[in-house]
Amino acid sequence: MPGTSFVSWKDSAAAIRWNIAPFIDGRHRPSTSAELFDNINPATETALCQVSAGNMADIDEAVRVARRRFNDGCWSELPPIRRAEILMRWADLIVQHKAEIALLDSLEMGKPIQAALHDAEHLAAPYLRRWAGFANKLLGTSAPLDSRTLTFNTYEPRGVIGAITPWNFPSLVAVYKLGPALAAGNTMVLKPSELSPSSALKLAELALEAGLPEGVLNVVPGLGSTVGAALVLHPDVNMISFTGSTATGRKIMELSARSNAKPLLLECGGKSPQVVFNDVDDLDAVADATVQWVLWNQGQVCSAHTRLIVHESIKDALLEKVVSRASQRKPGDPLDEKTNFGPLASPAQRDRVKAYIQQGLEAGAAAILKGAIQETGGCYVSPTIFDRVDGGMSIVREEIFGPVLCVQSFKTEEEAITLANGTEYGLVATAWTRDMGRAKRLAHTIRAGVVFIRTSGMEGPDSGCMLSYEPQKASGFGSEVGLRGLEAYSTLKWVTFGGA
Ligand code: NAD
């Protein structure tokens with residue numbers, strides 16, 4: 001277990017023996033692909049190790065094993081309460097091994113170590129326990145007919161689930177898929193992001209230690225264009241659960257349609273609005289929430305509130321507070337426990353954010369806070385805030401996925417709602433007003449899967465996973481949170497018994 005100082009985290013990092021090979025049927029085995037790519041540490045832009053690109057044969061083998069284990073019933077026919085016990089033990093092991101998991105995520109995608117520890121202990125483990133608790137609560141309904149007929153619904157696992165995850169919360173998003181899909185009795189093949197594959201492999205090892213039968217959870221690292229596409233195209237995969245960009249989500253819909261038309265669950269991009277009316281009583285709380293939402297994980301969060309939509313009469317006062325708070329976030333080494341703002345996840349991500357900032361400047365937006373961009377030796381980009389933007393600019397319409405906030409002002413409630421709904425995305429929104437009637441209207445008219453009123457919604461792990469939601473518009477469809485997550489990974493059957 002790594003220690004708690006910068007030096008000991010560095011020592012632990014240096015001692016890692018990287019092994020990013022497919023984990024199939026309970027053991028690591030080499031990929032059959034000879035193509036390799038570098039696993040880059042974005043804090044230094046140096047290679048941590050090399051990873052195989054993976055190929056169709058790796059996926060074929062993982063799916064074959066997952067199918068065999070599904071059909072033999074070692075997991076799907078285990079009573080749900082037994083499955084829950086194993087998932088609970090797994091959650092305990094995640095907490096015990098949080099330092100290893102956090103270190104892998106921190107090295108591979110630049111997450112500050114404290115934030116990575118928090119993800120493992122306070123988000124991934126409690127969420128997994130929550131899904132374990134739902135495992136025996138998928139109740140079917142029965143319908144009254146006559147005294148000789150029994151007719152009812154029952155949920156059954158779908159079979160082999162293919163899961164594809166992004167790099168922004170590598171271990172947490174993996175658990176978001178593994179928790180409900182395994183609780184519902186499926187077997188799985190997980191393809192983690194090529195930028196951050198290691199924590200998913202560690203999670204699979206821990207699952208085995210917790211008692212998950214071999215071959216129920218298989219992990220195949222590699223590129224999206226090779227391993228990811230092969231998983232979506234595979235005819236023996238019963239469902240794909242994807243989290244990532246809307247552009248890739250669209251490709252996945254096409255690939256699914258070209259194979260066995262498997263059902264999809266898509267959690268895609270966002271461009272979330274934070275709408276602030278001039279009746280708010282505590283501008284400091286709003287400024288805190290604004291900065292927390294837009295800079296969390298260096299702005300690399302699907303639900304990041306990257307559009308601040310504020311009543312014109314309080315705009316200047318609020319912006320002064322927001323700029324003052326945001327300018328205090330200084331990028332630091334992710335392995336330093338005092339760091340609360342790390343590098344972006346990759347050189348490509350830094351270049352993407354830099355290009356958007358340039359587009360904003362060229363389009364005439366005013367950078368009231370202009371972040372420094374480190375060109376080499378680490379993918380660091382400090383916070384940038386744009387005022388005087390309009391809805392036609394790419395920085396307002398498109399997901400940047402970095403520490404960039406756009407500010408728009410309004411005079412009327414109608415105008416505020418039009419601005420809030422002014423992108424193709426519909427994931428999360430927050431509104432600040434003390435007028436209850438207006439709050440209800442906003443909750444109803446803002447097109448987003450989640451609407452927070454007078455709260456940042458970050459009160460603690462419990463608030464995040466009891467209830468379900470479904471993304472709207474181009475942010476995706478389907479729900480994996482809460483009890484509905486288990487429903488999404490199950491198929492609903494109608495059974496009728498007749499006779500005497
Ligand atoms: P991405 O779309 O580039 O990649 C996501 C995953 O898809 C990776 O594992 C990648 O290898 C794989 N992939 C790429 N091309 C593929 C293909 N042709 N076939 C199959 N798989 C393929 O996204 P990213 O850059 O890793 O992550 C950032 C994106 O994820 C952002 O858009 C963010 O909003 C989104 N995200 C959404 C949520 C949510 O809950 N809605 C949560 C986290 C991240």
# chains A, B, ... in the order shown; residues from 1 in each chain; ligands from 1
>>> residues_near_ligand(ligand="ligand 1", cutoff="8 Å", atoms="only C-alpha atoms and all ligand atoms", output="tab-separated table (two decimals) with N, CA and C atoms, in the first residue's frame")
chain	number	residue	atom	x	y	z
A	164	ILE	N	-18.26	-0.62	-22.70
A	164	ILE	CA	-17.17	0.21	-23.25
A	164	ILE	C	-17.12	1.50	-22.45
A	165	THR	N	-15.94	1.83	-21.90
A	165	THR	CA	-15.87	2.95	-20.97
A	165	THR	C	-14.83	4.00	-21.39
A	166	PRO	N	-15.00	5.25	-20.91
A	166	PRO	CA	-14.08	6.34	-21.24
A	166	PRO	C	-12.97	6.44	-20.19
A	167	TRP	N	-12.16	7.50	-20.31
A	167	TRP	CA	-11.00	7.63	-19.43
A	167	TRP	C	-11.18	8.63	-18.30
A	168	ASN	N	-12.31	9.35	-18.27
A	168	ASN	CA	-12.34	10.47	-17.31
A	168	ASN	C	-12.51	10.02	-15.86
A	169	PHE	N	-13.25	8.94	-15.63
A	169	PHE	CA	-13.35	8.32	-14.30
A	169	PHE	C	-13.14	6.82	-14.53
A	173	VAL	N	-16.46	4.69	-13.69
A	173	VAL	CA	-17.40	4.39	-14.78
A	173	VAL	C	-17.43	2.88	-15.04
A	191	LYS	N	-14.42	-3.37	-22.19
A	191	LYS	CA	-13.31	-2.76	-22.90
A	191	LYS	C	-13.10	-1.35	-22.33
A	192	PRO	N	-12.04	-1.17	-21.53
A	192	PRO	CA	-11.78	0.15	-20.96
A	192	PRO	C	-11.13	1.07	-21.99
A	193	SER	N	-11.06	2.37	-21.69
A	193	SER	CA	-10.41	3.31	-22.60
A	193	SER	C	-8.94	2.94	-22.78
A	194	GLU	N	-8.44	3.16	-23.98
A	194	GLU	CA	-7.02	2.90	-24.25
A	194	GLU	C	-6.11	3.82	-23.44
A	195	LEU	N	-6.65	4.94	-22.96
A	195	LEU	CA	-5.81	5.85	-22.16
A	195	LEU	C	-5.68	5.39	-20.71
A	222	GLY	N	-7.44	-2.26	-25.26
A	222	GLY	CA	-7.10	-2.07	-26.67
A	222	GLY	C	-7.76	-0.82	-27.21
A	223	LEU	N	-7.63	-0.62	-28.50
A	223	LEU	CA	-8.16	0.58	-29.14
A	223	LEU	C	-9.66	0.46	-29.42
A	224	GLY	N	-10.30	1.61	-29.51
A	224	GLY	CA	-11.72	1.61	-29.85
A	224	GLY	C	-11.97	1.05	-31.24
A	225	SER	N	-11.07	1.42	-32.18
A	225	SER	CA	-11.27	1.01	-33.57
A	225	SER	C	-11.05	-0.49	-33.78
A	226	THR	N	-10.34	-1.13	-32.85
A	226	THR	CA	-10.10	-2.57	-33.00
A	226	THR	C	-11.01	-3.33	-32.02
A	227	VAL	N	-10.64	-3.28	-30.75
A	227	VAL	CA	-11.37	-4.07	-29.74
A	227	VAL	C	-12.80	-3.56	-29.53
A	228	GLY	N	-12.95	-2.22	-29.45
A	228	GLY	CA	-14.28	-1.66	-29.21
A	228	GLY	C	-15.24	-2.03	-30.32
A	229	ALA	N	-14.82	-1.80	-31.57
A	229	ALA	CA	-15.69	-2.09	-32.70
A	229	ALA	C	-15.98	-3.58	-32.79
A	230	ALA	N	-14.97	-4.43	-32.51
A	230	ALA	CA	-15.19	-5.89	-32.58
A	230	ALA	C	-16.24	-6.33	-31.55
A	231	LEU	N	-16.22	-5.70	-30.38
A	231	LEU	CA	-17.19	-6.06	-29.34
A	231	LEU	C	-18.61	-5.67	-29.78
A	232	VAL	N	-18.74	-4.48	-30.35
A	232	VAL	CA	-20.08	-4.03	-30.76
A	232	VAL	C	-20.61	-4.86	-31.93
A	242	PHE	N	-22.48	1.63	-23.30
A	242	PHE	CA	-21.38	2.50	-23.71
A	242	PHE	C	-21.42	3.82	-22.94
A	243	THR	N	-20.28	4.27	-22.47
A	243	THR	CA	-20.15	5.64	-21.97
A	243	THR	C	-18.99	6.27	-22.72
A	244	GLY	N	-19.23	7.43	-23.30
A	244	GLY	CA	-18.19	8.12	-24.07
A	244	GLY	C	-18.82	9.26	-24.84
A	245	SER	N	-18.14	9.69	-25.87
A	245	SER	CA	-18.61	10.87	-26.60
A	245	SER	C	-19.83	10.54	-27.46
A	246	THR	N	-20.57	11.57	-27.78
A	246	THR	CA	-21.75	11.39	-28.65
A	246	THR	C	-21.31	10.91	-30.03
A	247	ALA	N	-20.15	11.40	-30.50
A	247	ALA	CA	-19.69	10.98	-31.84
A	247	ALA	C	-19.47	9.46	-31.87
A	248	THR	N	-18.82	8.92	-30.83
A	248	THR	CA	-18.62	7.46	-30.80
A	248	THR	C	-19.95	6.74	-30.57
A	249	GLY	N	-20.82	7.32	-29.77
A	249	GLY	CA	-22.15	6.72	-29.55
A	249	GLY	C	-22.89	6.53	-30.86
A	251	LYS	N	-21.51	6.12	-33.79
A	251	LYS	CA	-20.88	5.01	-34.54
A	251	LYS	C	-21.36	3.67	-33.99
A	252	ILE	N	-21.51	3.61	-32.66
A	252	ILE	CA	-21.91	2.35	-32.03
A	252	ILE	C	-23.33	1.96	-32.45
A	255	LEU	N	-22.86	0.34	-35.81
A	255	LEU	CA	-22.25	-0.99	-35.74
A	255	LEU	C	-23.24	-2.01	-35.20
A	266	LEU	N	-26.67	4.11	-23.94
A	266	LEU	CA	-25.65	5.10	-24.31
A	266	LEU	C	-25.65	6.26	-23.34
A	267	GLU	N	-24.52	6.45	-22.67
A	267	GLU	CA	-24.31	7.61	-21.78
A	267	GLU	C	-23.27	8.47	-22.48
A	268	CYS	N	-23.70	9.57	-23.10
A	268	CYS	CA	-22.77	10.32	-23.95
A	268	CYS	C	-22.46	11.71	-23.39
A	269	GLY	N	-22.15	12.63	-24.28
A	269	GLY	CA	-21.60	13.91	-23.86
A	269	GLY	C	-22.63	14.86	-23.27
A	270	GLY	N	-22.14	16.01	-22.81
A	270	GLY	CA	-23.02	17.02	-22.21
A	270	GLY	C	-22.46	18.42	-22.36
A	300	GLN	N	-13.17	17.68	-17.11
A	300	GLN	CA	-13.39	16.48	-17.93
A	300	GLN	C	-14.49	15.62	-17.30
A	301	VAL	N	-15.68	16.18	-17.22
A	301	VAL	CA	-16.82	15.49	-16.62
A	301	VAL	C	-18.00	15.68	-17.58
A	302	CYS	N	-18.73	14.58	-17.85
A	302	CYS	CA	-19.84	14.68	-18.80
A	302	CYS	C	-20.86	15.72	-18.34
A	303	SER	N	-21.04	15.82	-17.02
A	303	SER	CA	-22.06	16.72	-16.49
A	303	SER	C	-21.49	18.09	-16.10
A	399	GLU	N	-19.20	20.22	-26.81
A	399	GLU	CA	-18.55	19.77	-25.57
A	399	GLU	C	-17.03	19.92	-25.72
A	401	PHE	N	-14.81	19.57	-22.98
A	401	PHE	CA	-14.24	18.58	-22.07
A	401	PHE	C	-12.90	19.06	-21.51
A	427	LEU	N	-28.06	16.47	-20.47
A	427	LEU	CA	-27.65	15.54	-19.40
A	427	LEU	C	-28.06	16.05	-18.03
A	471	PRO	N	-30.56	10.19	-19.76
A	471	PRO	CA	-30.09	11.34	-20.52
A	471	PRO	C	-31.10	11.70	-21.61
A	475	SER	N	-27.41	13.36	-25.53
A	475	SER	CA	-26.62	12.85	-24.39
A	475	SER	C	-26.81	11.36	-24.16
A	476	GLY	N	-27.71	10.75	-24.93
A	476	GLY	CA	-27.83	9.29	-24.85
A	476	GLY	C	-29.21	8.81	-24.45
>>> select_by_dssp(residues="region 333-452 of chain A", states="strand (DSSP E)", output="list in words")
Ala366, Ala367, Ile368, Leu369, Thr384, Ile385, Phe386, Asp387, Val404, Leu405, Cys406, Val407, Gln408, Ser409, Phe410, Tyr425, Gly426, Val428, Ala429, Thr430, Ala431, Trp432, Val450, Val451 and Phe452 of chain A
>>> closest_residue(among="A:Ala204, A:Cys465, A:Ala21, A:Ala429", to="Leu123 (chain A)", atoms="only C-alpha atoms")
A:Cys465
>>> residues_around(residues="His234 (chain A)", least_positions_apart="6", cutoff="9 Å", atoms="only C-alpha atoms", output="ChimeraX atom specification")
/A:56,59-60,63,256,259-260
>>> write_last_selection(atoms="C-alpha atoms", output="mmCIF file, in the first residue's frame")
data_model
loop_
_atom_site.group_PDB
_atom_site.id
_atom_site.type_symbol
_atom_site.label_atom_id
_atom_site.label_comp_id
_atom_site.auth_asym_id
_atom_site.auth_seq_id
_atom_site.Cartn_x
_atom_site.Cartn_y
_atom_site.Cartn_z
ATOM 1 C CA MET A 56 -11.033 -9.410 -33.029
ATOM 2 C CA ILE A 59 -12.774 -10.290 -28.257
ATOM 3 C CA ASP A 60 -13.872 -13.629 -29.768
ATOM 4 C CA VAL A 63 -17.077 -13.512 -25.601
ATOM 5 C CA SER A 256 -25.008 -2.538 -33.656
ATOM 6 C CA SER A 259 -24.591 -6.914 -36.501
ATOM 7 C CA ASN A 260 -27.375 -8.543 -34.482
#
>>> residues_around(residues="Glu312 (chain A)", least_positions_apart="2", cutoff="9 Å", atoms="only C-alpha atoms", output="PyMOL selection string")
chain A and resi 277-278+310+314-316+408-411
>>> write_last_selection(atoms="N, CA, C and O atoms", output="compact mmCIF listing (two decimals), in the first residue's frame")
# COMPACT_ATOMS: atom_id res chain seq x y z
N PHE A 277 -30.85 33.13 -11.20
CA PHE A 277 -31.78 34.28 -11.19
C PHE A 277 -31.35 35.30 -10.14
O PHE A 277 -30.57 34.98 -9.22
N ASN A 278 -31.90 36.51 -10.25
CA ASN A 278 -31.42 37.58 -9.36
C ASN A 278 -32.11 37.60 -8.00
O ASN A 278 -31.94 38.54 -7.24
N VAL A 310 -26.73 33.72 -16.49
CA VAL A 310 -26.97 34.51 -15.27
C VAL A 310 -27.78 35.76 -15.60
O VAL A 310 -27.60 36.38 -16.66
N ILE A 314 -27.10 40.70 -11.95
CA ILE A 314 -26.13 40.19 -10.97
C ILE A 314 -24.90 39.59 -11.64
O ILE A 314 -24.03 39.01 -10.99
N LYS A 315 -24.84 39.74 -12.95
CA LYS A 315 -23.73 39.08 -13.67
C LYS A 315 -22.36 39.55 -13.18
O LYS A 315 -21.50 38.73 -12.86
N ASP A 316 -22.16 40.85 -13.11
CA ASP A 316 -20.82 41.35 -12.75
C ASP A 316 -20.42 40.89 -11.35
O ASP A 316 -19.29 40.47 -11.12
N GLN A 408 -23.29 33.53 -20.29
CA GLN A 408 -24.33 34.21 -21.07
C GLN A 408 -25.27 34.91 -20.08
O GLN A 408 -25.46 34.42 -18.97
N SER A 409 -25.88 36.03 -20.48
CA SER A 409 -26.80 36.70 -19.56
C SER A 409 -28.20 36.76 -20.16
O SER A 409 -28.37 36.62 -21.38
N PHE A 410 -29.21 36.96 -19.27
CA PHE A 410 -30.61 37.01 -19.73
C PHE A 410 -31.36 38.08 -18.93
O PHE A 410 -30.92 38.50 -17.86
N LYS A 411 -32.53 38.45 -19.51
CA LYS A 411 -33.40 39.40 -18.80
C LYS A 411 -34.65 38.70 -18.25
O LYS A 411 -35.12 39.00 -17.18
>>> closest_residue(among="A:Arg148, A:Arg67, A:Lys98, A:Arg83", to="Gly162 (chain A)", atoms="only C-alpha atoms")
A:Arg67
>>> select_by_dssp(residues="region 295-367 of chain A", states="alpha helix (DSSP H)", output="NGL selection string")
:A and (295 or 315-326 or 347-362)
>>> write_last_selection(atoms="C-alpha atoms", output="PDB file, in the first residue's frame")
ATOM      1  CA  LEU A 295     -13.259  22.522 -12.740  1.00  0.00           C
ATOM      2  CA  LYS A 315     -23.733  39.081 -13.667  1.00  0.00           C
ATOM      3  CA  ASP A 316     -20.824  41.351 -12.747  1.00  0.00           C
ATOM      4  CA  ALA A 317     -21.070  40.577  -9.024  1.00  0.00           C
ATOM      5  CA  LEU A 318     -21.195  36.830  -9.635  1.00  0.00           C
ATOM      6  CA  LEU A 319     -18.397  36.843 -12.196  1.00  0.00           C
ATOM      7  CA  GLU A 320     -16.063  38.663  -9.825  1.00  0.00           C
ATOM      8  CA  LYS A 321     -16.500  35.846  -7.311  1.00  0.00           C
ATOM      9  CA  VAL A 322     -16.215  33.106  -9.930  1.00  0.00           C
ATOM     10  CA  VAL A 323     -13.054  34.523 -11.505  1.00  0.00           C
ATOM     11  CA  SER A 324     -11.447  35.030  -8.103  1.00  0.00           C
ATOM     12  CA  ARG A 325     -12.108  31.391  -7.111  1.00  0.00           C
ATOM     13  CA  ALA A 326     -11.158  29.878 -10.478  1.00  0.00           C
ATOM     14  CA  PRO A 347      -1.715  15.426 -25.324  1.00  0.00           C
ATOM     15  CA  ALA A 348      -4.660  15.041 -27.722  1.00  0.00           C
ATOM     16  CA  GLN A 349      -7.052  16.325 -25.066  1.00  0.00           C
ATOM     17  CA  ARG A 350      -4.796  19.318 -24.346  1.00  0.00           C
ATOM     18  CA  ASP A 351      -4.639  20.138 -28.069  1.00  0.00           C
ATOM     19  CA  ARG A 352      -8.416  19.826 -28.398  1.00  0.00           C
ATOM     20  CA  VAL A 353      -9.031  22.233 -25.501  1.00  0.00           C
ATOM     21  CA  LYS A 354      -6.388  24.628 -26.815  1.00  0.00           C
ATOM     22  CA  ALA A 355      -8.063  24.644 -30.249  1.00  0.00           C
ATOM     23  CA  TYR A 356     -11.456  25.468 -28.694  1.00  0.00           C
ATOM     24  CA  ILE A 357      -9.944  28.344 -26.686  1.00  0.00           C
ATOM     25  CA  GLN A 358      -8.435  29.682 -29.899  1.00  0.00           C
ATOM     26  CA  GLN A 359     -11.792  29.348 -31.691  1.00  0.00           C
ATOM     27  CA  GLY A 360     -13.459  31.312 -28.886  1.00  0.00           C
ATOM     28  CA  LEU A 361     -10.937  34.125 -29.137  1.00  0.00           C
ATOM     29  CA  GLU A 362     -11.195  34.263 -32.928  1.00  0.00           C
TER      30      GLU A 362
END
>>> residues_around(residues="Thr376 (chain A)", least_positions_apart="3", cutoff="9 Å", atoms="only C-alpha atoms", output="PyMOL selection string")
chain A and resi 44-45+347+379-380
>>> write_last_selection(atoms="N, CA and C atoms", output="mmCIF file, in the first residue's frame")
data_model
loop_
_atom_site.group_PDB
_atom_site.id
_atom_site.type_symbol
_atom_site.label_atom_id
_atom_site.label_comp_id
_atom_site.auth_asym_id
_atom_site.auth_seq_id
_atom_site.Cartn_x
_atom_site.Cartn_y
_atom_site.Cartn_z
ATOM 1 N N THR A 44 3.647 14.016 -17.404
ATOM 2 C CA THR A 44 5.029 14.166 -17.872
ATOM 3 C C THR A 44 5.162 13.986 -19.380
ATOM 4 N N GLU A 45 4.101 13.428 -19.991
ATOM 5 C CA GLU A 45 4.133 13.049 -21.419
ATOM 6 C C GLU A 45 5.209 12.014 -21.720
ATOM 7 N N PRO A 347 -2.097 14.342 -24.418
ATOM 8 C CA PRO A 347 -1.715 15.426 -25.324
ATOM 9 C C PRO A 347 -2.852 15.772 -26.296
ATOM 10 N N CYS A 379 0.456 17.898 -19.725
ATOM 11 C CA CYS A 379 -0.718 18.392 -20.472
ATOM 12 C C CYS A 379 -1.524 19.380 -19.625
ATOM 13 N N TYR A 380 -0.862 20.418 -19.144
ATOM 14 C CA TYR A 380 -1.516 21.335 -18.207
ATOM 15 C C TYR A 380 -2.196 22.497 -18.923
#
>>> residues_around(residues="Asp333 (chain A)", least_positions_apart="3", cutoff="10 Å", atoms="only C-alpha atoms", output="ChimeraX atom specification")
/A:6,43-44,106,110-113,336-343,378,380
>>> write_last_selection(atoms="N, CA, C and O atoms", output="tab-separated table (two decimals), in the first residue's frame")
chain	number	residue	atom	x	y	z
A	6	PHE	N	4.15	12.60	-0.97
A	6	PHE	CA	4.48	12.73	-2.39
A	6	PHE	C	5.57	11.73	-2.77
A	6	PHE	O	5.47	11.00	-3.76
A	43	ALA	N	0.99	13.74	-17.01
A	43	ALA	CA	1.67	14.72	-16.16
A	43	ALA	C	3.09	14.98	-16.66
A	43	ALA	O	3.67	16.03	-16.37
A	44	THR	N	3.65	14.02	-17.40
A	44	THR	CA	5.03	14.17	-17.87
A	44	THR	C	5.16	13.99	-19.38
A	44	THR	O	6.21	14.28	-19.95
A	106	SER	N	-4.49	7.78	-11.49
A	106	SER	CA	-3.76	9.04	-11.44
A	106	SER	C	-2.63	9.06	-12.47
A	106	SER	O	-2.44	10.05	-13.19
A	110	GLY	N	-3.98	11.39	-15.14
A	110	GLY	CA	-3.62	12.66	-14.53
A	110	GLY	C	-4.51	13.14	-13.39
A	110	GLY	O	-4.38	14.26	-12.93
A	111	LYS	N	-5.42	12.27	-12.94
A	111	LYS	CA	-6.32	12.69	-11.85
A	111	LYS	C	-5.52	12.93	-10.57
A	111	LYS	O	-4.71	12.07	-10.20
A	112	PRO	N	-5.72	14.04	-9.88
A	112	PRO	CA	-5.02	14.23	-8.61
A	112	PRO	C	-5.30	13.06	-7.66
A	112	PRO	O	-6.43	12.57	-7.58
A	113	ILE	N	-4.27	12.61	-6.96
A	113	ILE	CA	-4.35	11.37	-6.19
A	113	ILE	C	-5.47	11.42	-5.14
A	113	ILE	O	-6.17	10.42	-4.93
A	336	ASP	N	1.06	14.72	-5.85
A	336	ASP	CA	1.18	15.54	-4.67
A	336	ASP	C	-0.21	15.63	-4.02
A	336	ASP	O	-1.16	16.08	-4.67
A	337	GLU	N	-0.33	15.22	-2.77
A	337	GLU	CA	-1.66	15.17	-2.15
A	337	GLU	C	-2.31	16.54	-2.00
A	337	GLU	O	-3.51	16.64	-1.76
A	338	LYS	N	-1.52	17.58	-2.14
A	338	LYS	CA	-2.11	18.94	-2.02
A	338	LYS	C	-2.71	19.40	-3.37
A	338	LYS	O	-3.44	20.38	-3.42
A	339	THR	N	-2.40	18.68	-4.44
A	339	THR	CA	-2.88	19.11	-5.77
A	339	THR	C	-4.39	18.90	-5.89
A	339	THR	O	-4.90	17.81	-5.62
A	340	ASN	N	-5.10	19.95	-6.30
A	340	ASN	CA	-6.54	19.78	-6.56
A	340	ASN	C	-6.89	20.07	-8.02
A	340	ASN	O	-8.05	20.15	-8.39
A	341	PHE	N	-5.85	20.25	-8.84
A	341	PHE	CA	-6.09	20.50	-10.27
A	341	PHE	C	-4.91	19.94	-11.05
A	341	PHE	O	-3.79	20.45	-10.97
A	342	GLY	N	-5.14	18.86	-11.76
A	342	GLY	CA	-4.04	18.16	-12.44
A	342	GLY	C	-3.95	18.52	-13.92
A	342	GLY	O	-4.56	19.50	-14.38
A	343	PRO	N	-3.23	17.73	-14.69
A	343	PRO	CA	-3.16	17.94	-16.13
A	343	PRO	C	-4.42	17.39	-16.80
A	343	PRO	O	-5.19	16.65	-16.19
A	378	GLY	N	3.99	17.94	-20.11
A	378	GLY	CA	2.84	17.83	-19.21
A	378	GLY	C	1.65	18.52	-19.85
A	378	GLY	O	1.79	19.58	-20.44
A	380	TYR	N	-0.86	20.42	-19.14
A	380	TYR	CA	-1.52	21.33	-18.21
A	380	TYR	C	-2.20	22.50	-18.92
A	380	TYR	O	-1.59	23.17	-19.76
>>> closest_residue(among="A:Gly73, A:Pro170, A:Gly179, A:Pro126", to="Leu87 (chain A)", atoms="only C-alpha atoms")
A:Gly179
>>> residues_around(residues="Glu209 (chain A)", least_positions_apart="3", cutoff="9 Å", atoms="only C-alpha atoms", output="list in words")
Arg89, Trp90, Leu93, Ala204, Glu205, Leu206 and Leu212 of chain A
>>> atom_distance(atom1="CA of Ala135 (chain A)", atom2="CA of Leu117 (chain A)")
26.4 Å
>>> closest_residue(among="A:Ala115, A:Val220, A:Ala181, A:Leu419", to="Arg447 (chain A)", atoms="only C-alpha atoms")
A:Leu419
>>> atom_distance(atom1="CA of Val428 (chain A)", atom2="CA of Leu190 (chain A)")
26.1 Å
